[in-house]
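Shown next: run-v5.txt, containing compact mmCIF, C-alpha atoms.
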# COMPACT_ATOMS: atom_id res chain seq x y z
CA MET A 1 109.73 64.14 95.24
CA SER A 2 112.11 65.26 92.56
CA LEU A 3 114.04 62.69 90.59
CA ILE A 4 116.48 65.21 89.22
CA GLU A 5 117.35 68.16 91.35
CA ALA A 6 115.69 71.28 89.98
CA PRO A 7 118.30 73.28 88.06
CA ARG A 8 117.15 76.58 89.48
CA THR A 9 115.46 77.73 92.61
CA PRO A 10 111.82 78.40 91.77
CA THR A 11 111.14 82.11 91.74
CA ARG A 12 107.82 81.80 93.51
CA GLY A 13 107.25 80.09 96.84
CA ARG A 14 105.65 76.69 96.72
CA ARG A 15 102.29 76.28 98.35
CA THR A 16 102.73 74.28 101.54
CA GLY A 17 99.62 72.49 102.82
CA GLY A 18 96.37 74.23 103.67
CA ILE A 19 93.18 74.26 101.66
CA ASN A 20 93.64 75.20 98.03
CA TRP A 21 90.90 77.82 97.76
CA GLU A 22 91.52 78.53 94.09
CA LYS A 23 90.90 74.88 93.24
CA TRP A 24 87.81 74.51 95.43
CA GLY A 25 86.51 77.86 94.16
CA TRP A 26 86.83 76.58 90.61
CA ILE A 27 85.06 73.31 91.45
CA TYR A 28 82.34 75.21 93.38
CA MET A 29 81.61 77.42 90.37
CA ARG A 30 81.05 74.37 88.13
CA ALA A 31 79.02 72.38 90.67
CA SER A 32 76.82 75.28 91.85
CA GLY A 33 76.32 76.37 88.24
CA VAL A 34 74.83 73.01 87.29
CA VAL A 35 72.56 72.92 90.36
CA LEU A 36 71.49 76.55 89.80
CA VAL A 37 70.39 75.83 86.23
CA VAL A 38 67.89 73.31 87.62
CA LEU A 39 66.83 75.46 90.60
CA ILE A 40 66.37 78.71 88.67
CA PHE A 41 64.52 77.20 85.72
CA GLY A 42 62.33 75.20 88.13
CA HIS A 43 61.63 78.42 90.03
CA LEU A 44 60.71 80.29 86.84
CA LEU A 45 58.54 77.42 85.59
CA VAL A 46 56.51 77.20 88.80
CA ASN A 47 56.12 80.96 89.24
CA MET A 48 55.57 82.03 85.63
CA PHE A 49 54.01 79.19 83.68
CA LEU A 50 52.32 76.49 85.74
CA GLY A 51 48.76 76.99 86.99
CA GLU A 52 47.51 80.50 86.34
CA GLY A 53 50.97 81.67 85.33
CA VAL A 54 52.42 85.01 86.30
CA LYS A 55 48.99 86.44 87.26
CA ALA A 56 48.87 84.13 90.27
CA ILE A 57 51.76 85.89 91.99
CA ASP A 58 50.55 87.95 94.93
CA PHE A 59 51.18 88.12 98.66
CA ALA A 60 49.19 84.94 99.26
CA PHE A 61 51.13 83.05 96.58
CA VAL A 62 54.50 84.00 98.09
CA GLY A 63 53.20 83.44 101.64
CA GLY A 64 51.98 80.02 100.65
CA LYS A 65 55.24 79.07 99.03
CA LEU A 66 57.36 80.22 101.96
CA SER A 67 55.31 78.20 104.45
CA ASP A 68 55.97 74.99 102.50
CA PRO A 69 59.19 73.28 103.74
CA PHE A 70 59.90 72.06 100.16
CA TRP A 71 60.02 75.63 98.80
CA GLN A 72 61.90 76.85 101.87
CA VAL A 73 64.70 74.40 101.08
CA TRP A 74 64.50 75.20 97.34
CA ASP A 75 64.66 78.97 97.83
CA GLY A 76 67.28 78.66 100.57
CA LEU A 77 69.53 76.60 98.31
CA MET A 78 69.00 79.03 95.45
CA LEU A 79 69.84 81.99 97.71
CA TRP A 80 73.06 80.53 99.11
CA LEU A 81 74.35 78.96 95.90
CA ALA A 82 73.57 81.96 93.68
CA LEU A 83 74.94 84.60 96.05
CA ILE A 84 78.19 82.75 96.72
CA HIS A 85 78.50 81.92 93.01
CA GLY A 86 78.00 85.57 92.09
CA ALA A 87 80.31 86.86 94.83
CA ASN A 88 83.06 84.44 93.80
CA GLY A 89 82.71 85.60 90.20
CA MET A 90 83.02 89.23 91.32
CA ARG A 91 86.06 88.31 93.44
CA THR A 92 87.70 86.79 90.37
CA ILE A 93 87.05 89.92 88.31
CA VAL A 94 88.46 92.11 91.09
CA ASN A 95 91.55 89.89 91.34
CA ASP A 96 92.02 90.09 87.59
CA TYR A 97 91.52 93.82 87.14
CA ALA A 98 92.14 95.69 90.41
CA THR A 99 95.91 96.11 90.44
CA ASN A 100 96.11 98.59 93.31
CA PRO A 101 96.29 96.54 96.55
CA LYS A 102 94.23 99.07 98.55
CA VAL A 103 91.46 99.28 95.95
CA ARG A 104 91.48 95.50 95.72
CA THR A 105 91.12 95.07 99.49
CA VAL A 106 88.27 97.59 99.65
CA LEU A 107 86.40 95.98 96.74
CA LEU A 108 86.86 92.44 98.07
CA ALA A 109 85.71 93.52 101.54
CA GLY A 110 82.67 95.23 99.98
CA ILE A 111 81.75 92.07 98.10
CA ALA A 112 82.19 89.91 101.21
CA VAL A 113 80.14 92.22 103.48
CA SER A 114 77.27 92.67 101.02
CA THR A 115 77.13 88.93 100.34
CA ILE A 116 77.04 88.07 104.05
CA ILE A 117 74.29 90.67 104.74
CA LEU A 118 72.19 89.48 101.79
CA ILE A 119 72.55 85.81 102.74
CA ALA A 120 71.69 86.53 106.39
CA LEU A 121 68.64 88.65 105.50
CA GLY A 122 67.41 86.16 102.91
CA THR A 123 67.83 83.19 105.21
CA LEU A 124 66.01 85.07 107.98
CA VAL A 125 63.03 85.77 105.70
CA ILE A 126 62.86 82.25 104.27
CA THR A 127 62.98 80.55 107.66
CA THR A 128 60.88 82.92 109.78
CA PHE A 129 58.34 84.37 107.34
CA ASP A 130 54.77 84.20 108.71
CA PRO A 131 52.04 85.81 106.55
CA CYS A 132 49.62 85.95 109.50
CA PRO A 133 51.64 86.79 112.63
CA ALA A 134 49.70 86.06 115.83
CA GLY A 135 48.46 89.11 117.79
CA ALA A 136 48.83 91.57 114.90
CA ASP A 137 46.27 94.30 114.14
CA PRO A 138 43.61 92.51 112.02
CA ALA A 139 43.26 95.57 109.77
CA LEU A 140 46.85 95.13 108.59
CA LEU A 141 46.59 91.41 107.88
CA ALA A 142 45.83 89.79 104.54
CA SER A 143 42.23 88.79 103.99
CA PHE A 144 42.97 85.06 103.92
CA CYS A 145 44.29 85.19 107.49
CA GLU A 146 40.69 85.27 108.85
CA ALA A 147 40.14 81.77 107.54
CA LEU A 148 42.96 80.43 109.72
CA MET B 1 108.07 77.90 8.06
CA SER B 2 111.22 79.69 9.06
CA THR B 3 109.56 83.11 8.72
CA ALA B 4 106.98 82.25 11.30
CA VAL B 5 109.72 81.40 13.76
CA ALA B 6 111.52 84.63 12.98
CA ASP B 7 108.32 86.64 13.64
CA LYS B 8 108.08 85.33 17.19
CA LYS B 9 110.13 87.59 19.38
CA PRO B 10 111.34 86.09 22.63
CA ALA B 11 108.54 86.94 25.07
CA ALA B 12 109.58 89.45 27.69
CA ALA B 13 109.41 88.08 31.22
CA GLU B 14 105.87 88.68 32.32
CA GLU B 15 105.60 91.49 34.85
CA ILE B 16 104.63 90.13 38.25
CA PRO B 17 101.76 92.27 39.55
CA THR B 18 102.39 94.24 42.70
CA PHE B 19 100.18 96.21 45.01
CA THR B 20 100.73 98.84 47.64
CA ALA B 21 99.82 98.15 51.24
CA THR B 22 99.91 100.55 54.16
CA LEU B 23 101.36 99.32 57.41
CA ILE B 24 100.81 101.28 60.61
CA ILE B 25 103.43 100.17 63.08
CA ARG B 26 103.54 100.94 66.77
CA ARG B 27 107.02 102.35 67.29
CA PHE B 28 108.83 102.88 70.54
CA ASP B 29 112.41 104.02 70.95
CA PRO B 30 113.25 104.04 74.67
CA ASP B 31 116.02 106.63 74.08
CA VAL B 32 113.69 109.18 72.52
CA ASP B 33 110.03 108.34 73.15
CA GLU B 34 108.10 108.74 76.36
CA GLU B 35 105.14 106.83 74.93
CA PRO B 36 104.80 104.47 71.96
CA ARG B 37 103.62 106.17 68.75
CA TRP B 38 102.01 104.90 65.54
CA GLU B 39 103.89 105.41 62.29
CA ASP B 40 102.66 104.49 58.82
CA PHE B 41 104.61 103.12 55.86
CA ASP B 42 103.52 102.42 52.26
CA VAL B 43 105.14 99.30 50.84
CA GLU B 44 105.11 97.82 47.32
CA LEU B 45 104.44 94.09 47.67
CA TYR B 46 103.85 90.89 45.72
CA ALA B 47 100.97 88.56 46.35
CA THR B 48 103.40 86.04 47.83
CA ASP B 49 104.72 88.47 50.45
CA ARG B 50 104.14 88.04 54.14
CA VAL B 51 104.01 90.64 56.88
CA LEU B 52 107.62 89.75 57.65
CA ASP B 53 108.62 90.62 54.06
CA ALA B 54 106.84 93.94 54.40
CA LEU B 55 108.73 94.66 57.63
CA HIS B 56 112.00 93.72 55.91
CA LYS B 57 111.23 96.07 53.02
CA ILE B 58 110.56 98.89 55.45
CA LYS B 59 113.72 98.17 57.43
CA TRP B 60 115.95 97.78 54.34
CA GLU B 61 114.51 100.50 52.11
CA GLN B 62 112.74 103.08 54.26
CA ASP B 63 113.68 103.15 57.94
CA GLY B 64 116.64 101.12 59.15
CA SER B 65 115.79 101.82 62.78
CA LEU B 66 112.67 99.61 62.71
CA THR B 67 113.39 96.86 65.21
CA PHE B 68 111.86 93.41 65.34
CA ARG B 69 112.91 89.82 66.04
CA ARG B 70 113.00 87.17 63.34
CA SER B 71 115.11 84.15 62.75
CA CYS B 72 114.04 81.23 60.60
CA ALA B 73 111.23 83.09 58.79
CA HIS B 74 109.39 79.81 58.26
CA GLY B 75 107.12 79.58 61.27
CA ILE B 76 109.19 77.28 63.45
CA CYS B 77 111.59 79.39 65.56
CA GLY B 78 108.85 81.40 67.26
CA SER B 79 110.72 84.72 67.14
CA ASP B 80 108.30 86.96 65.30
CA ALA B 81 105.01 86.70 67.14
CA MET B 82 103.31 90.09 66.96
CA ARG B 83 99.88 91.66 67.04
CA ILE B 84 98.69 92.08 63.46
CA ASN B 85 95.32 93.81 63.06
CA GLY B 86 94.61 93.09 66.71
CA ARG B 87 95.34 89.37 66.53
CA ASN B 88 98.46 87.57 67.69
CA ARG B 89 100.13 85.91 64.71
CA LEU B 90 103.55 85.04 63.38
CA ALA B 91 104.64 87.71 60.89
CA CYS B 92 106.29 84.97 58.79
CA LYS B 93 103.07 82.95 58.47
CA THR B 94 100.68 85.81 57.66
CA LEU B 95 100.31 86.56 53.95
CA ILE B 96 99.54 90.21 53.26
CA LYS B 97 96.97 89.25 50.62
CA ASP B 98 94.99 87.33 53.25
CA LEU B 99 94.52 90.56 55.20
CA ASP B 100 92.16 93.32 54.10
CA ILE B 101 94.61 95.52 52.13
CA THR B 102 92.00 98.18 51.36
CA LYS B 103 92.59 99.26 54.94
CA PRO B 104 95.92 99.84 56.67
CA ILE B 105 97.48 96.89 58.47
CA TYR B 106 98.19 97.57 62.12
CA VAL B 107 101.31 95.92 63.53
CA GLU B 108 102.35 96.15 67.16
CA ALA B 109 104.28 94.17 69.76
CA ILE B 110 102.56 91.40 71.70
CA LYS B 111 100.82 92.60 74.86
CA GLY B 112 101.41 91.79 78.50
CA LEU B 113 105.21 91.71 78.39
CA PRO B 114 107.47 94.74 78.95
CA LEU B 115 107.99 96.67 75.70
CA GLU B 116 111.69 97.19 74.95
CA LYS B 117 111.80 98.68 71.46
CA ASP B 118 109.36 98.81 68.52
CA LEU B 119 108.15 95.21 68.14
CA ILE B 120 110.51 93.70 70.72
CA VAL B 121 109.32 92.79 74.20
CA ASP B 122 111.21 91.38 77.17
CA MET B 123 110.53 87.63 76.99
CA GLU B 124 112.17 86.81 80.35
CA PRO B 125 108.94 86.73 82.43
CA PHE B 126 107.51 84.36 79.82
CA PHE B 127 110.51 82.03 79.96
CA ASP B 128 110.60 82.21 83.77
CA SER B 129 107.10 80.65 83.88
CA TYR B 130 108.22 78.09 81.33
CA LYS B 131 111.27 77.15 83.41
CA GLU B 132 109.21 76.75 86.54
CA ILE B 133 107.19 73.83 85.24
CA ASN B 134 110.38 71.76 84.79
CA PRO B 135 110.25 71.43 81.00
CA PHE B 136 112.49 68.37 80.75
CA LEU B 137 111.99 64.61 81.01
CA MET B 138 112.13 63.55 84.64
CA ALA B 139 112.77 59.83 84.70
CA GLY B 140 114.87 57.47 86.81
CA ALA B 141 117.07 54.66 85.56
CA THR B 142 115.56 52.44 82.87
CA LYS B 143 114.07 49.26 84.24
CA GLY B 144 116.04 46.57 82.38
CA GLY B 145 117.30 47.21 78.88
CA LYS B 146 118.48 50.47 77.47
CA GLU B 147 115.27 51.97 76.12
CA ARG B 148 112.18 53.68 77.48
CA LYS B 149 109.54 52.09 75.34
CA GLN B 150 106.40 53.96 74.36
CA SER B 151 103.52 52.73 72.24
CA PRO B 152 102.15 54.88 69.38
CA VAL B 153 98.97 55.38 71.41
CA GLU B 154 100.95 56.63 74.42
CA ARG B 155 102.89 58.98 72.14
CA ALA B 156 99.71 60.29 70.53
CA ARG B 157 98.35 61.25 73.97
CA PHE B 158 100.56 64.36 74.17
CA ASP B 159 101.33 64.85 70.48
CA ASP B 160 99.42 68.12 70.18
CA THR B 161 101.40 69.90 72.89
CA THR B 162 104.80 68.83 71.49
CA LYS B 163 104.21 71.29 68.64
CA CYS B 164 104.78 74.38 70.80
CA ILE B 165 107.48 76.75 69.49
CA LEU B 166 107.40 79.11 72.52
CA CYS B 167 106.48 82.15 70.45
CA ALA B 168 104.34 83.57 73.31
CA ALA B 169 101.39 84.28 71.00
CA CYS B 170 99.05 82.38 73.34
CA THR B 171 100.33 83.74 76.64
CA SER B 172 100.29 87.32 75.36
CA SER B 173 96.71 86.92 74.10
CA CYS B 174 95.45 85.85 77.54
CA PRO B 175 93.43 88.54 79.37
CA VAL B 176 94.40 87.08 82.75
CA PHE B 177 98.09 87.34 81.82
CA TRP B 178 97.63 90.96 80.66
CA THR B 179 96.37 92.03 84.05
CA ASP B 180 98.30 89.62 86.25
CA GLY B 181 101.81 88.77 85.10
CA GLN B 182 102.06 86.24 87.95
CA TYR B 183 99.81 83.78 86.10
CA PHE B 184 101.80 80.94 84.52
CA GLY B 185 100.11 81.53 81.17
CA PRO B 186 98.96 79.07 78.51
CA ALA B 187 102.40 78.34 77.04
CA ALA B 188 103.86 77.12 80.34
CA ILE B 189 100.80 74.94 80.95
CA VAL B 190 100.98 73.52 77.42
CA ASN B 191 104.61 72.55 77.98
CA ALA B 192 103.76 71.04 81.36
CA HIS B 193 101.00 69.06 79.62
CA ARG B 194 103.58 67.72 77.15
CA PHE B 195 105.46 66.03 80.04
CA ILE B 196 102.56 65.32 82.43
CA PHE B 197 100.92 63.07 79.82
CA ASP B 198 104.21 61.51 78.63
CA SER B 199 104.19 57.85 79.74
CA ARG B 200 107.99 57.87 80.15
CA ASP B 201 107.98 60.81 82.53
CA GLU B 202 107.88 60.22 86.28
CA GLY B 203 107.69 63.81 87.51
CA SER B 204 104.11 64.61 86.58
CA GLN B 205 103.09 64.87 90.24
CA VAL B 206 105.68 67.62 90.76
CA ARG B 207 104.32 69.57 87.80
CA LEU B 208 100.70 69.06 88.84
CA ASP B 209 101.59 70.44 92.29
CA ILE B 210 103.25 73.48 90.72
CA LEU B 211 100.21 74.17 88.51
CA ASN B 212 97.78 73.61 91.40
CA ASP B 213 99.13 76.88 92.77
CA LYS B 214 97.12 80.07 93.32
CA GLU B 215 98.59 81.41 90.05
CA GLY B 216 98.26 78.06 88.30
CA VAL B 217 95.61 76.53 86.07
CA TRP B 218 92.69 77.78 88.19
CA ARG B 219 93.24 81.33 86.95
CA CYS B 220 92.26 80.16 83.45
CA ARG B 221 88.91 81.67 82.40
CA THR B 222 88.45 79.44 79.35
CA THR B 223 88.24 82.40 76.97
CA PHE B 224 89.85 80.41 74.12
CA ASN B 225 92.02 83.42 73.13
CA CYS B 226 95.07 81.16 73.35
CA THR B 227 93.63 78.49 71.05
CA ASP B 228 92.74 81.19 68.49
CA ALA B 229 96.20 82.73 68.72
CA CYS B 230 98.33 79.59 68.43
CA PRO B 231 100.13 79.62 65.06
CA ARG B 232 100.75 75.89 65.41
CA GLY B 233 97.08 75.04 65.84
CA ILE B 234 97.52 73.56 69.32
CA GLN B 235 94.25 73.10 71.20
CA VAL B 236 95.63 75.14 74.09
CA THR B 237 92.44 75.57 76.09
CA GLN B 238 91.76 71.84 75.85
CA ALA B 239 95.27 71.09 77.12
CA ILE B 240 94.69 73.39 80.10
CA ALA B 241 91.35 71.69 80.80
CA GLU B 242 93.09 68.29 80.72
CA VAL B 243 95.65 69.51 83.25
CA LYS B 244 92.78 70.74 85.49
CA GLN B 245 91.16 67.29 85.26
CA ALA B 246 94.49 65.63 86.08
CA ILE B 247 94.89 67.81 89.18
CA ILE B 248 91.36 66.98 90.38
CA LYS B 249 91.93 63.26 89.80
CA GLY B 250 95.40 63.50 91.33
CA LYS B 251 97.04 61.74 88.38
CA PRO B 252 97.35 62.17 84.61
Hey, can you dump this file as structure tokens for me?
Amino acid sequence: MSLIEAPRTPTRGRRTGGINWEKWGWIYMRASGVVLVVLIFGHLLVNMFLGEGVKAIDFAFVGGKLSDPFWQVWDGLMLWLALIHGANGMRTIVNDYATNPKVRTVLLAGIAVSTIILIALGTLVITTFDPCPAGADPALLASFCEAL
Amino acid sequence: MSTAVADKKPAAAEEIPTFTATLIIRRFDPDVDEEPRWEDFDVELYATDRVLDALHKIKWEQDGSLTFRRSCAHGICGSDAMRINGRNRLACKTLIKDLDITKPIYVEAIKGLPLEKDLIVDMEPFFDSYKEINPFLMAGATKGGKERKQSPVERARFDDTTKCILCAACTSSCPVFWTDGQYFGPAAIVNAHRFIFDSRDEGSQVRLDILNDKEGVWRCRTTFNCTDACPRGIQVTQAIAEVKQAIIKGKP
């Protein structure tokens, strides 16, 4: 809709349909940032201060946390939100400062690949981690596994 | 008492104190220079002199080849934005005595636009962005009567952004614009804001669509360089944030 015909042809092409990634990227950064403040400070509080504090962190502590569905969701959310948030920030910096198209493509691809690998590995650990795998050599297992 | 009067000689006009300031100016003559070079000048100045006066003194008394733009010399035409001691200012609104004159004053052209000569840059890319946001009132026929009425409150909504003089101090202080000349830049967004939030205007949706582009408001990193640079005191970053909000809401 244009009430008065534009006096000149715009020099850049207008965006026609499709998802506006720049806009959703911007909104994602704000939304994930707010959620991450809660998730990260909650994570630090539980690990570093509550109970015995930082001394309590050992294999059993982590194993216990990762077998609790509540912490699985918490850590999973933190992993996905933080990695995508960080990768998007890096993408923005590359877009701002890498002027050579080839360098830009390589850097962006590097960011994308490393983010995907890290998210996949992290998700795999969070969802499948078992501190006492069945049928393993008892000598290699943690001492608390005997109680199970 | 006549003798007393005779004793008083007419007082000589009191000497106005002057001081010497050193200006280091980034010169570039495209006919001679491969690269810009820094050149220093010592100028005798009064406390009331501005950077523009110093440049005039250099041009008129020392080196006539010094090239810079100026027009009204009173901070309203927007011709003489330049980088003074690393900050974008208008030469005609910067008093020398407000700068630290124990050190040299560095003067160079604004960044991010093609340098043509000395302190002159090519402003076309800047005005191209400005033109693209349709900087004119888009309104159909008046509905009854001859006027488009606007209340003082409606006028106040966009008052801040009407002050823009298109000097390019904000756009050329923006780090995103330095590295990516495709970005619309703060000045174009400020002028879009002036019409988007004008109650008489009916084309705000067109402008919001233009600024919702890949190179539109989302490139803004909220660094506040533009707000610091604006010689008119416009809250530029706030205006950009308001345009972002309007795009998300879909209306001003």
*For region 126-129 of chain B, list every protein, DNA or RNA residue within 6 Å, evaluated using only C-alpha atoms, and leave out those in the same chain fewer than 3 positions away; present the list as a list in words.*
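Final neighbour list, sorted by chain and number: Met123, Glu132, Phe184 and Ala188 of chain B.
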*List the neighbours of region 45-62 of chain B out to 6 Å using only C-alpha atoms; skip same-chain residues closer than 5 positions along the sequence, and give me the result as an MDAnalysis selection string.*
chainID B and resid 18:19 91:92 94:97
*Take CA of Glu22 (chain A) and CA of Gln205 (chain B) and report the distance between them in Å, one decimal.*
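Result for CA of Glu22 (chain A) versus CA of Gln205 (chain B): 18.3 Å, one decimal.
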I'd like a table as a tab-separated table: residues in chain B with an atom no more than 12 Å from chain A, each row giving the shortest atom pair and its distance in Å to one decimal, only C-alpha atoms counted, sorted by chain and rising residue number.
residue	atom	partner	partner_atom	distance
B:Pro125	CA	A:Thr11	CA	10.6
B:Phe127	CA	A:Thr11	CA	11.8
B:Asp128	CA	A:Thr11	CA	8.0
B:Ser129	CA	A:Thr11	CA	9.0
B:Tyr130	CA	A:Pro10	CA	11.0
B:Lys131	CA	A:Arg8	CA	8.5
B:Glu132	CA	A:Pro10	CA	6.1
B:Ile133	CA	A:Pro10	CA	9.2
B:Asn134	CA	A:Ala6	CA	7.4
B:Pro135	CA	A:Ala6	CA	10.5
B:Phe136	CA	A:Ile4	CA	9.9
B:Leu137	CA	A:Ile4	CA	9.4
B:Met138	CA	A:Leu3	CA	6.3
B:Ala139	CA	A:Leu3	CA	6.7
B:Gly140	CA	A:Leu3	CA	6.5
B:Ala141	CA	A:Leu3	CA	9.9
B:Cys174	CA	A:Asp96	CA	11.4
B:Pro175	CA	A:Asp96	CA	8.5
B:Val176	CA	A:Asp96	CA	6.2
B:Phe177	CA	A:Asp96	CA	8.8
B:Trp178	CA	A:Asp96	CA	9.0
B:Thr179	CA	A:Asp96	CA	5.9
B:Asp180	CA	A:Asp96	CA	6.4
B:Gly181	CA	A:Asp96	CA	10.2
B:Gln182	CA	A:Arg12	CA	9.2
B:Tyr183	CA	A:Asp96	CA	10.1
B:Phe184	CA	A:Arg12	CA	10.9
B:Asp201	CA	A:Leu3	CA	10.3
B:Glu202	CA	A:Leu3	CA	7.9
B:Gly203	CA	A:Ser2	CA	6.9
B:Ser204	CA	A:Ser2	CA	10.0
B:Gln205	CA	A:Met1	CA	8.3
B:Val206	CA	A:Met1	CA	7.0
B:Arg207	CA	A:Ser2	CA	10.1
B:Asp209	CA	A:Arg15	CA	8.4
B:Ile210	CA	A:Arg14	CA	7.2
B:Leu211	CA	A:Arg14	CA	10.2
B:Asn212	CA	A:Lys23	CA	7.2
B:Asp213	CA	A:Arg15	CA	6.4
B:Lys214	CA	A:Glu22	CA	5.9
B:Glu215	CA	A:Glu22	CA	8.6
B:Gly216	CA	A:Glu22	CA	8.9
B:Val217	CA	A:Lys23	CA	8.7
B:Trp218	CA	A:Glu22	CA	6.1
B:Arg219	CA	A:Glu22	CA	7.9
B:Cys220	CA	A:Trp26	CA	9.7
B:Arg221	CA	A:Thr92	CA	9.5
B:Thr222	CA	A:Trp26	CA	11.7
B:Ala241	CA	A:Trp26	CA	11.9
B:Lys244	CA	A:Lys23	CA	9.0
B:Gln245	CA	A:Ile27	CA	10.6
B:Ile247	CA	A:Lys23	CA	9.1
B:Ile248	CA	A:Lys23	CA	8.4
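Here CA of Ser143 (chain A) is placed at a distance of 10.6 Å from CA of Pro131 (chain A).
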*Pairwise distance for CA of Ala192 (chain B) and CA of Arg232 (chain B), rounded to one decimal in Å*: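 Result for CA of Ala192 (chain B) versus CA of Arg232 (chain B): 16.9 Å, one decimal.
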*What's the 8 Å shell around Lys111 (chain B), counting all atoms listed in the file, without same-chain residues fewer than 6 positions away, as a ChimeraX atom specification?*
/B:83,172-173,178
*Between B:Lys143, B:Arg26, B:His193, B:Lys251, which has the minimum distance to Val107 (chain B) (counting all atoms listed in the file)?*
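Smallest separation from Val107 (chain B) among the options: B:Arg26.
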*asked:* Under the rule that all atoms listed in the file are counted, which of B:Lys146, B:Pro36, B:Gly233, B:Lys93 is the nearest residue to Cys77 (chain B)?
replied: B:Lys93
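Nearest residue to Met29 (chain A), choosing from A:Ala56, A:Ile84, A:Met78, A:Val73 and counting all atoms listed in the file: A:Ile84.
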*Taking only C-alpha atoms into account, which of B:Asp100, B:Glu108, B:Asp122, B:Asp40 comes nearest Ile24 (chain B)?*
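Checking each of B:Asp100, B:Glu108, B:Asp122, B:Asp40 against Ile24 (chain B), counting only C-alpha atoms, the winner is B:Asp40.
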*Neighbours of Val94 (chain A) within 12 Å (all atoms listed in the file; same-chain residues fewer than 5 positions away dropped), as JSON, numbers by chain?*
{"A": [87, 88, 89, 99, 100, 101, 102, 103, 104, 105, 106, 107, 108, 109, 110, 111], "B": [176, 179, 180]}
*Can you tell me, as a PyMOL selection string, what residues are no more than 10 Å from Cys145 (chain A) when counting only C-alpha atoms, ignoring any on the same chain fewer than 4 positions away?*
chain A and resi 60+131-134+138+141
May I have the centre and edge lengths, in Å to one decimal, of an axis-aligned box around the listed atoms of region 58-69 of chain B with 5 Å added to every side, as JSON?
{"center_x": 113.6, "center_y": 96.5, "center_z": 59.1, "size_x": 16.1, "size_y": 23.3, "size_z": 23.9}
